[in-house]
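Participant: Sharing data.txt here; it has compact mmCIF, N, CA, C and O atoms.
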```txt
# COMPACT_ATOMS: atom_id res chain seq x y z
N MET A 1 10.71 1.83 -9.90
CA MET A 1 9.45 2.09 -9.26
C MET A 1 9.27 3.61 -9.14
O MET A 1 10.22 4.34 -8.90
N GLU A 2 8.03 4.03 -9.31
CA GLU A 2 7.69 5.44 -9.21
C GLU A 2 6.46 5.57 -8.32
O GLU A 2 5.53 4.76 -8.39
N ILE A 3 6.45 6.61 -7.48
CA ILE A 3 5.32 6.86 -6.58
C ILE A 3 4.92 8.32 -6.71
O ILE A 3 5.77 9.20 -6.61
N THR A 4 3.63 8.55 -6.93
CA THR A 4 3.10 9.90 -6.91
C THR A 4 2.00 9.94 -5.86
O THR A 4 1.32 8.94 -5.61
N PHE A 5 1.84 11.11 -5.24
CA PHE A 5 0.87 11.26 -4.16
C PHE A 5 -0.22 12.24 -4.58
O PHE A 5 0.05 13.24 -5.23
N GLU A 6 -1.42 11.91 -4.17
CA GLU A 6 -2.59 12.75 -4.42
C GLU A 6 -3.27 12.99 -3.07
O GLU A 6 -3.67 12.04 -2.40
N GLU A 7 -3.33 14.25 -2.68
CA GLU A 7 -3.97 14.59 -1.41
C GLU A 7 -5.47 14.34 -1.53
O GLU A 7 -6.10 14.69 -2.52
N GLY A 8 -6.04 13.73 -0.50
CA GLY A 8 -7.46 13.43 -0.50
C GLY A 8 -8.19 14.27 0.53
O GLY A 8 -7.59 15.08 1.23
N ASP A 9 -9.48 14.08 0.62
CA ASP A 9 -10.29 14.77 1.61
C ASP A 9 -10.07 14.17 2.98
O ASP A 9 -9.72 13.00 3.11
N GLY A 10 -10.27 14.95 4.00
CA GLY A 10 -10.20 14.43 5.36
C GLY A 10 -8.82 14.03 5.81
O GLY A 10 -8.66 13.03 6.51
N ASN A 11 -7.80 14.77 5.39
CA ASN A 11 -6.43 14.50 5.81
C ASN A 11 -5.94 13.11 5.38
O ASN A 11 -5.34 12.38 6.17
N GLY A 12 -6.22 12.76 4.16
CA GLY A 12 -5.77 11.47 3.64
C GLY A 12 -4.97 11.63 2.37
O GLY A 12 -4.92 12.71 1.77
N VAL A 13 -4.35 10.53 1.96
CA VAL A 13 -3.47 10.54 0.79
C VAL A 13 -3.69 9.26 -0.02
O VAL A 13 -3.85 8.18 0.54
N VAL A 14 -3.66 9.41 -1.34
CA VAL A 14 -3.63 8.27 -2.24
C VAL A 14 -2.24 8.22 -2.86
O VAL A 14 -1.77 9.21 -3.41
N ALA A 15 -1.57 7.09 -2.71
CA ALA A 15 -0.24 6.88 -3.30
C ALA A 15 -0.41 6.00 -4.53
O ALA A 15 -0.89 4.87 -4.42
N HIS A 16 -0.04 6.52 -5.68
CA HIS A 16 -0.10 5.76 -6.92
C HIS A 16 1.29 5.19 -7.19
O HIS A 16 2.25 5.94 -7.38
N VAL A 17 1.39 3.86 -7.18
CA VAL A 17 2.68 3.19 -7.30
C VAL A 17 2.76 2.51 -8.67
O VAL A 17 1.81 1.85 -9.09
N THR A 18 3.90 2.66 -9.33
CA THR A 18 4.12 2.06 -10.65
C THR A 18 5.42 1.25 -10.61
O THR A 18 6.41 1.71 -10.06
N GLY A 19 5.40 0.07 -11.20
CA GLY A 19 6.62 -0.74 -11.31
C GLY A 19 6.58 -1.97 -10.43
O GLY A 19 5.54 -2.58 -10.25
N ARG A 20 7.73 -2.31 -9.87
CA ARG A 20 7.88 -3.50 -9.04
C ARG A 20 8.23 -3.08 -7.61
O ARG A 20 8.95 -2.11 -7.42
N ILE A 21 7.70 -3.82 -6.65
CA ILE A 21 8.11 -3.63 -5.27
C ILE A 21 8.89 -4.89 -4.91
O ILE A 21 8.32 -5.92 -4.57
N ASP A 22 10.20 -4.78 -5.05
CA ASP A 22 11.07 -5.95 -4.87
C ASP A 22 12.25 -5.57 -3.99
O ASP A 22 12.25 -4.53 -3.35
N THR A 23 13.26 -6.41 -3.98
CA THR A 23 14.43 -6.19 -3.13
C THR A 23 15.07 -4.83 -3.39
O THR A 23 15.52 -4.17 -2.46
N GLN A 24 15.09 -4.41 -4.63
CA GLN A 24 15.74 -3.15 -4.98
C GLN A 24 14.89 -1.93 -4.67
O GLN A 24 15.43 -0.83 -4.49
N THR A 25 13.56 -2.08 -4.60
CA THR A 25 12.69 -0.91 -4.45
C THR A 25 11.87 -0.90 -3.16
O THR A 25 11.23 0.11 -2.85
N ALA A 26 11.87 -1.98 -2.40
CA ALA A 26 11.03 -2.07 -1.20
C ALA A 26 11.38 -0.99 -0.18
O ALA A 26 10.48 -0.39 0.42
N ALA A 27 12.65 -0.72 0.01
CA ALA A 27 13.06 0.30 0.98
C ALA A 27 12.56 1.67 0.55
O ALA A 27 12.09 2.47 1.38
N GLN A 28 12.62 1.96 -0.75
CA GLN A 28 12.11 3.23 -1.28
C GLN A 28 10.60 3.31 -1.07
O GLN A 28 10.07 4.36 -0.67
N PHE A 29 9.90 2.22 -1.35
CA PHE A 29 8.45 2.16 -1.16
C PHE A 29 8.09 2.47 0.30
O PHE A 29 7.27 3.35 0.58
N GLU A 30 8.75 1.78 1.21
CA GLU A 30 8.49 1.97 2.64
C GLU A 30 8.85 3.39 3.09
O GLU A 30 8.08 4.05 3.80
N ALA A 31 10.00 3.88 2.68
CA ALA A 31 10.45 5.22 3.08
C ALA A 31 9.55 6.31 2.52
O ALA A 31 9.34 7.35 3.16
N SER A 32 9.01 6.11 1.34
CA SER A 32 8.14 7.11 0.73
C SER A 32 6.76 7.15 1.38
O SER A 32 6.19 8.23 1.57
N LEU A 33 6.21 5.98 1.73
CA LEU A 33 4.87 5.94 2.30
C LEU A 33 4.83 6.13 3.80
O LEU A 33 3.83 6.60 4.34
N SER A 34 5.90 5.80 4.49
CA SER A 34 5.92 5.87 5.95
C SER A 34 5.58 7.26 6.50
O SER A 34 4.75 7.37 7.41
N PRO A 35 6.15 8.34 5.97
CA PRO A 35 5.79 9.67 6.49
C PRO A 35 4.31 10.00 6.28
O PRO A 35 3.70 10.70 7.08
N LYS A 36 3.73 9.49 5.20
CA LYS A 36 2.31 9.73 4.92
C LYS A 36 1.45 8.99 5.94
O LYS A 36 0.42 9.49 6.38
N VAL A 37 1.87 7.79 6.32
CA VAL A 37 1.14 7.00 7.30
C VAL A 37 1.16 7.69 8.66
O VAL A 37 0.15 7.75 9.35
N THR A 38 2.30 8.24 9.02
CA THR A 38 2.42 8.86 10.34
C THR A 38 1.76 10.23 10.43
O THR A 38 1.50 10.71 11.53
N SER A 39 1.47 10.84 9.29
CA SER A 39 0.91 12.19 9.33
C SER A 39 -0.49 12.31 8.74
O SER A 39 -1.03 13.40 8.65
N SER A 40 -1.10 11.19 8.35
CA SER A 40 -2.41 11.23 7.68
C SER A 40 -3.43 10.40 8.45
O SER A 40 -3.08 9.47 9.19
N ALA A 41 -4.70 10.72 8.24
CA ALA A 41 -5.79 9.94 8.84
C ALA A 41 -5.98 8.62 8.09
O ALA A 41 -6.38 7.63 8.68
N TRP A 42 -5.68 8.64 6.80
CA TRP A 42 -5.79 7.43 5.99
C TRP A 42 -4.83 7.49 4.81
O TRP A 42 -4.42 8.58 4.39
N LEU A 43 -4.49 6.30 4.32
CA LEU A 43 -3.61 6.19 3.15
C LEU A 43 -4.11 5.04 2.29
O LEU A 43 -4.31 3.93 2.80
N VAL A 44 -4.32 5.31 1.03
CA VAL A 44 -4.67 4.28 0.06
C VAL A 44 -3.48 4.12 -0.88
O VAL A 44 -3.03 5.09 -1.49
N ALA A 45 -2.94 2.92 -0.96
CA ALA A 45 -1.86 2.63 -1.90
C ALA A 45 -2.48 1.98 -3.14
O ALA A 45 -2.97 0.85 -3.07
N ASP A 46 -2.47 2.72 -4.22
CA ASP A 46 -3.02 2.24 -5.50
C ASP A 46 -1.92 1.46 -6.21
O ASP A 46 -0.95 2.03 -6.70
N LEU A 47 -2.08 0.14 -6.25
CA LEU A 47 -1.07 -0.74 -6.84
C LEU A 47 -1.48 -1.25 -8.22
O LEU A 47 -0.97 -2.26 -8.69
N ALA A 48 -2.38 -0.53 -8.88
CA ALA A 48 -2.88 -0.97 -10.19
C ALA A 48 -1.76 -1.10 -11.22
O ALA A 48 -1.85 -1.92 -12.13
N GLU A 49 -0.70 -0.32 -11.08
CA GLU A 49 0.41 -0.35 -12.03
C GLU A 49 1.62 -1.10 -11.48
O GLU A 49 2.72 -0.96 -12.01
N VAL A 50 1.42 -1.88 -10.44
CA VAL A 50 2.49 -2.71 -9.87
C VAL A 50 2.34 -4.12 -10.44
O VAL A 50 1.28 -4.73 -10.32
N ASN A 51 3.41 -4.61 -11.05
CA ASN A 51 3.32 -5.92 -11.69
C ASN A 51 3.99 -7.04 -10.90
O ASN A 51 3.92 -8.20 -11.29
N TYR A 52 4.65 -6.70 -9.77
CA TYR A 52 5.31 -7.74 -8.98
C TYR A 52 5.58 -7.22 -7.58
O TYR A 52 5.98 -6.06 -7.41
N VAL A 53 5.36 -8.07 -6.59
CA VAL A 53 5.71 -7.78 -5.20
C VAL A 53 6.47 -8.98 -4.66
O VAL A 53 5.96 -10.10 -4.66
N SER A 54 7.70 -8.74 -4.21
CA SER A 54 8.53 -9.81 -3.66
C SER A 54 8.31 -9.90 -2.15
O SER A 54 7.55 -9.13 -1.56
N SER A 55 9.02 -10.82 -1.51
CA SER A 55 8.93 -10.95 -0.06
C SER A 55 9.42 -9.67 0.63
O SER A 55 8.89 -9.28 1.67
N ALA A 56 10.39 -9.00 0.05
CA ALA A 56 10.85 -7.73 0.60
C ALA A 56 9.74 -6.68 0.51
O ALA A 56 9.57 -5.87 1.43
N GLY A 57 8.99 -6.70 -0.57
CA GLY A 57 7.84 -5.80 -0.71
C GLY A 57 6.75 -6.11 0.29
O GLY A 57 6.16 -5.20 0.88
N LEU A 58 6.50 -7.39 0.52
CA LEU A 58 5.51 -7.79 1.53
C LEU A 58 5.94 -7.32 2.92
O LEU A 58 5.12 -6.86 3.70
N ARG A 59 7.23 -7.43 3.19
CA ARG A 59 7.73 -6.97 4.48
C ARG A 59 7.49 -5.47 4.64
O ARG A 59 7.07 -5.01 5.70
N SER A 60 7.71 -4.70 3.59
CA SER A 60 7.46 -3.26 3.64
C SER A 60 5.98 -2.96 3.88
O SER A 60 5.65 -2.06 4.65
N VAL A 61 5.11 -3.72 3.25
CA VAL A 61 3.67 -3.55 3.48
C VAL A 61 3.34 -3.85 4.94
O VAL A 61 2.57 -3.14 5.58
N LEU A 62 3.94 -4.91 5.49
CA LEU A 62 3.71 -5.27 6.89
C LEU A 62 4.17 -4.17 7.83
O LEU A 62 3.46 -3.79 8.77
N VAL A 63 5.35 -3.62 7.58
CA VAL A 63 5.87 -2.52 8.40
C VAL A 63 4.92 -1.32 8.33
O VAL A 63 4.61 -0.70 9.35
N LEU A 64 4.45 -0.99 7.13
CA LEU A 64 3.52 0.12 6.97
C LEU A 64 2.21 -0.14 7.71
O LEU A 64 1.65 0.76 8.34
N ALA A 65 1.73 -1.38 7.65
CA ALA A 65 0.49 -1.75 8.35
C ALA A 65 0.65 -1.60 9.86
O ALA A 65 -0.24 -1.10 10.55
N GLN A 66 1.80 -2.03 10.37
CA GLN A 66 2.06 -1.90 11.80
C GLN A 66 2.18 -0.44 12.21
O GLN A 66 1.66 -0.03 13.25
N THR A 67 2.85 0.35 11.40
CA THR A 67 2.99 1.78 11.67
C THR A 67 1.62 2.45 11.63
O THR A 67 1.30 3.27 12.50
N ALA A 68 0.81 2.10 10.65
CA ALA A 68 -0.53 2.68 10.53
C ALA A 68 -1.36 2.36 11.76
O ALA A 68 -2.06 3.23 12.30
N GLN A 69 -1.30 1.12 12.21
CA GLN A 69 -2.06 0.73 13.39
C GLN A 69 -1.60 1.52 14.61
O GLN A 69 -2.42 2.01 15.38
N HIS A 70 -0.31 1.67 14.76
CA HIS A 70 0.26 2.40 15.89
C HIS A 70 -0.13 3.88 15.86
O HIS A 70 -0.38 4.50 16.90
N ASP A 71 -0.18 4.47 14.67
CA ASP A 71 -0.43 5.90 14.51
C ASP A 71 -1.88 6.23 14.16
O ASP A 71 -2.17 7.35 13.73
N ASP A 72 -2.79 5.26 14.30
CA ASP A 72 -4.21 5.47 14.01
C ASP A 72 -4.47 5.98 12.61
O ASP A 72 -5.29 6.87 12.38
N CYS A 73 -3.75 5.43 11.66
CA CYS A 73 -3.96 5.74 10.24
C CYS A 73 -4.64 4.52 9.61
O CYS A 73 -4.21 3.39 9.82
N ARG A 74 -5.69 4.75 8.86
CA ARG A 74 -6.36 3.65 8.17
C ARG A 74 -5.64 3.43 6.84
O ARG A 74 -5.59 4.33 6.01
N LEU A 75 -5.10 2.24 6.66
CA LEU A 75 -4.33 1.88 5.47
C LEU A 75 -5.13 0.90 4.63
O LEU A 75 -5.72 -0.05 5.17
N ALA A 76 -5.14 1.11 3.33
CA ALA A 76 -5.80 0.18 2.40
C ALA A 76 -4.99 0.11 1.12
O ALA A 76 -4.30 1.05 0.74
N LEU A 77 -5.09 -1.03 0.46
CA LEU A 77 -4.48 -1.24 -0.85
C LEU A 77 -5.60 -1.38 -1.88
O LEU A 77 -6.70 -1.82 -1.54
N CYS A 78 -5.31 -1.07 -3.12
CA CYS A 78 -6.32 -1.26 -4.16
C CYS A 78 -5.66 -1.50 -5.51
O CYS A 78 -4.47 -1.24 -5.69
N GLY A 79 -6.48 -2.01 -6.43
CA GLY A 79 -6.06 -2.16 -7.81
C GLY A 79 -5.09 -3.29 -8.09
O GLY A 79 -4.44 -3.28 -9.14
N LEU A 80 -4.97 -4.25 -7.19
CA LEU A 80 -3.99 -5.31 -7.38
C LEU A 80 -4.35 -6.17 -8.60
O LEU A 80 -5.51 -6.57 -8.77
N SER A 81 -3.36 -6.45 -9.42
CA SER A 81 -3.56 -7.37 -10.55
C SER A 81 -3.81 -8.76 -9.98
O SER A 81 -3.54 -9.04 -8.80
N ALA A 82 -4.27 -9.67 -10.82
CA ALA A 82 -4.53 -11.04 -10.37
C ALA A 82 -3.26 -11.69 -9.82
O ALA A 82 -3.29 -12.38 -8.80
N ASP A 83 -2.12 -11.46 -10.48
CA ASP A 83 -0.86 -12.04 -10.03
C ASP A 83 -0.43 -11.48 -8.68
O ASP A 83 -0.02 -12.22 -7.79
N VAL A 84 -0.51 -10.17 -8.53
CA VAL A 84 -0.11 -9.54 -7.27
C VAL A 84 -1.08 -9.93 -6.16
O VAL A 84 -0.67 -10.26 -5.05
N TYR A 85 -2.38 -9.95 -6.47
CA TYR A 85 -3.35 -10.38 -5.46
C TYR A 85 -3.08 -11.82 -5.02
O TYR A 85 -3.19 -12.14 -3.84
N GLY A 86 -2.69 -12.64 -5.97
CA GLY A 86 -2.36 -14.04 -5.64
C GLY A 86 -1.24 -14.13 -4.61
O GLY A 86 -1.28 -14.96 -3.70
N ILE A 87 -0.24 -13.27 -4.73
CA ILE A 87 0.86 -13.24 -3.77
C ILE A 87 0.33 -12.85 -2.39
O ILE A 87 0.67 -13.47 -1.38
N PHE A 88 -0.53 -11.85 -2.34
CA PHE A 88 -1.11 -11.41 -1.07
C PHE A 88 -2.01 -12.50 -0.47
O PHE A 88 -2.02 -12.71 0.74
N GLU A 89 -2.74 -13.20 -1.33
CA GLU A 89 -3.65 -14.25 -0.86
C GLU A 89 -2.89 -15.45 -0.31
O GLU A 89 -3.21 -15.96 0.77
N ILE A 90 -1.87 -15.89 -1.02
CA ILE A 90 -1.08 -17.05 -0.59
C ILE A 90 -0.41 -16.79 0.76
O ILE A 90 -0.32 -17.68 1.60
N THR A 91 0.04 -15.56 0.96
CA THR A 91 0.75 -15.22 2.19
C THR A 91 -0.19 -14.76 3.31
O THR A 91 0.27 -14.52 4.43
N GLY A 92 -1.46 -14.60 3.02
CA GLY A 92 -2.43 -14.18 4.03
C GLY A 92 -2.47 -12.69 4.27
O GLY A 92 -3.13 -12.22 5.20
N PHE A 93 -1.80 -11.93 3.43
CA PHE A 93 -1.76 -10.48 3.62
C PHE A 93 -3.10 -9.80 3.39
O PHE A 93 -3.31 -8.68 3.87
N GLN A 94 -4.02 -10.46 2.69
CA GLN A 94 -5.33 -9.85 2.51
C GLN A 94 -6.08 -9.79 3.83
O GLN A 94 -7.05 -9.05 3.97
N ASN A 95 -5.59 -10.52 4.85
CA ASN A 95 -6.17 -10.45 6.19
C ASN A 95 -5.49 -9.39 7.05
O ASN A 95 -5.96 -9.09 8.15
N ILE A 96 -4.39 -8.84 6.59
CA ILE A 96 -3.63 -7.85 7.35
C ILE A 96 -3.99 -6.43 6.91
O ILE A 96 -4.15 -5.53 7.74
N VAL A 97 -4.11 -6.25 5.60
CA VAL A 97 -4.42 -4.93 5.04
C VAL A 97 -5.64 -5.08 4.14
O VAL A 97 -5.66 -5.96 3.27
N PRO A 98 -6.66 -4.24 4.32
CA PRO A 98 -7.82 -4.31 3.43
C PRO A 98 -7.41 -4.07 1.98
O PRO A 98 -6.62 -3.17 1.69
N ILE A 99 -7.96 -4.89 1.08
CA ILE A 99 -7.68 -4.77 -0.35
C ILE A 99 -8.99 -4.51 -1.08
O ILE A 99 -9.97 -5.24 -0.87
N HIS A 100 -8.99 -3.49 -1.93
CA HIS A 100 -10.20 -3.10 -2.66
C HIS A 100 -9.92 -3.11 -4.16
O HIS A 100 -8.77 -3.07 -4.59
N ALA A 101 -10.98 -3.13 -4.95
CA ALA A 101 -10.86 -3.23 -6.40
C ALA A 101 -10.15 -2.02 -7.00
O ALA A 101 -9.34 -2.17 -7.91
N ASP A 102 -10.50 -0.83 -6.53
CA ASP A 102 -9.92 0.39 -7.09
C ASP A 102 -9.95 1.50 -6.05
O ASP A 102 -10.41 1.30 -4.92
N VAL A 103 -9.45 2.67 -6.43
CA VAL A 103 -9.35 3.80 -5.50
C VAL A 103 -10.74 4.18 -4.98
O VAL A 103 -10.92 4.41 -3.79
N SER A 104 -11.72 4.25 -5.86
CA SER A 104 -13.07 4.63 -5.46
C SER A 104 -13.62 3.69 -4.39
O SER A 104 -14.22 4.13 -3.40
N ALA A 105 -13.44 2.39 -4.59
CA ALA A 105 -13.92 1.40 -3.61
C ALA A 105 -13.19 1.54 -2.29
O ALA A 105 -13.78 1.43 -1.21
N ALA A 106 -11.89 1.79 -2.36
CA ALA A 106 -11.10 1.95 -1.13
C ALA A 106 -11.55 3.19 -0.37
O ALA A 106 -11.73 3.15 0.85
N LEU A 107 -11.76 4.29 -1.08
CA LEU A 107 -12.21 5.52 -0.44
C LEU A 107 -13.59 5.37 0.17
O LEU A 107 -13.85 5.86 1.27
N ALA A 108 -14.47 4.65 -0.53
CA ALA A 108 -15.82 4.41 0.00
C ALA A 108 -15.75 3.58 1.28
O ALA A 108 -16.47 3.85 2.24
N ALA A 109 -14.87 2.59 1.31
CA ALA A 109 -14.73 1.73 2.49
C ALA A 109 -14.14 2.49 3.67
O ALA A 109 -14.49 2.25 4.83
N LEU A 110 -13.23 3.42 3.37
CA LEU A 110 -12.61 4.20 4.44
C LEU A 110 -13.58 5.26 4.96
O LEU A 110 -13.41 5.76 6.07
N GLY A 111 -14.56 5.60 4.11
CA GLY A 111 -15.64 6.53 4.41
C GLY A 111 -15.35 7.58 5.33
O GLY A 111 -15.89 8.27 6.02
```
Have the structure of the file written as C-alpha cells, please.
Facilitator:
Amino acid sequence: MEITFEEGDGNGVVAHVTGRIDTQTAAQFEASLSPKVTSSAWLVADLAEVNYVSSAGLRSVLVLAQTAQHDDCRLALCGLSADVYGIFEITGFQNIVPIHADVSAALAALG
C-alpha cells in the first residue's frame, strides 16, 4: 500500500491511497492518516486505486471516523470501486463516513 498527501485549501488534505487495506497494511493506513485527521479541518481519502478492504481496514476507517468526530475534522471517502463500495455497503459503513464518486465531488460536499 502507498499513500501520498496533497494539501488542499482551507486547512485540508487529500490522501491518495493505492493498493490493499488489509491485515498487513491497515495499521499503516491508520497511522498515516491519523495525524492528518487531528491537525486538519477536513480529510478526503481517495480510494480510487484501492482494490480491497478487509475487516482490519474497516476497523481503521472506523477509528479514523471516531477520531475525526472527536477532533472536529470532516472526513470523507471517494473513488471506491464497485467491489470496495460493496464491502462498505454490506457493513453499513456508508452510513458512518460520507462516500463520494471522486475527489471533486467530495471537496464540493465538504464545501
Participant: Expressed in Å to a single decimal, how great is the separation between atom O of Thr38 (chain A) and atom C of Thr91 (chain A)?
Facilitator: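 Going from atom O of Thr38 (chain A) over to atom C of Thr91 (chain A), I get 26.8 Å.
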Participant: Quick one, how far is CA of Gly92 (chain A) from CA of Ala76 (chain A)?
Facilitator: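 CA of Gly92 (chain A) sits 14.8 Å away from CA of Ala76 (chain A).
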Participant: Hey, which of A:Val13, A:Ile99, A:Val37, A:Ile87 ends up closest to Gln69 (chain A)? Count only N, CA, C and O atoms.
Facilitator: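 Residue with the minimum atom-to-atom distance to Gln69 (chain A): A:Val37.
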Participant: Considering only helix (DSSP H, G or I) as DSSP defines it on the backbone, what residues of chain A qualify? List them as a ChimeraX atom specification.
Facilitator: /A:26-39,55-70,82-91,93-95,103-110
Participant: Figure out the distance between atom N of Cys78 (chain A) and atom C of Gln94 (chain A), please, to one decimal in Å.
Facilitator: 11.2 Å
Participant: From the set A:Asp102, A:Glu7, A:Glu89, A:Glu2, which residue has the shortest atom-to-atom contact distance to Gly19 (chain A), counting only N, CA, C and O atoms?
Facilitator: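 Nearest candidate to Gly19 (chain A) out of A:Asp102, A:Glu7, A:Glu89, A:Glu2: A:Glu2.
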Participant: For region 30-67 of chain A in the structure I just supplied, write out C-alpha atoms - as a compact mmCIF listing (two decimals), in the first residue's frame.
Facilitator:
```txt
# COMPACT_ATOMS: atom_id res chain seq x y z
CA GLU A 30 -4.47 4.34 10.18
CA ALA A 31 -1.09 5.63 11.41
CA SER A 32 -0.54 7.65 8.23
CA LEU A 33 -3.97 9.31 8.17
CA SER A 34 -4.50 9.80 11.91
CA PRO A 35 -2.12 12.80 12.27
CA LYS A 36 -3.84 14.46 9.30
CA VAL A 37 -7.25 13.97 10.93
CA THR A 38 -6.09 15.52 14.20
CA SER A 39 -4.44 18.52 12.55
CA SER A 40 -6.75 19.32 9.60
CA ALA A 41 -10.20 20.83 9.13
CA TRP A 42 -11.04 18.10 6.63
CA LEU A 43 -9.58 14.95 5.10
CA VAL A 44 -10.61 13.22 1.89
CA ALA A 45 -9.30 9.68 1.44
CA ASP A 46 -9.19 8.95 -2.28
CA LEU A 47 -9.56 5.17 -2.55
CA ALA A 48 -9.83 5.02 -6.35
CA GLU A 49 -6.69 2.87 -6.52
CA VAL A 50 -7.65 0.58 -3.61
CA ASN A 51 -8.76 -2.83 -4.80
CA TYR A 52 -9.57 -4.48 -1.46
CA VAL A 53 -10.54 -3.53 2.09
CA SER A 54 -10.60 -6.22 4.78
CA SER A 55 -12.27 -6.13 8.19
CA ALA A 56 -8.99 -4.77 9.59
CA GLY A 57 -9.21 -1.96 7.03
CA LEU A 58 -12.80 -1.25 8.01
CA ARG A 59 -11.73 -1.06 11.63
CA SER A 60 -9.08 1.51 10.69
CA VAL A 61 -11.69 3.57 8.84
CA LEU A 62 -13.93 3.40 11.93
CA VAL A 63 -11.11 4.56 14.21
CA LEU A 64 -10.35 7.44 11.83
CA ALA A 65 -14.05 8.39 11.72
CA GLN A 66 -14.23 8.43 15.51
CA THR A 67 -11.04 10.49 15.75
```
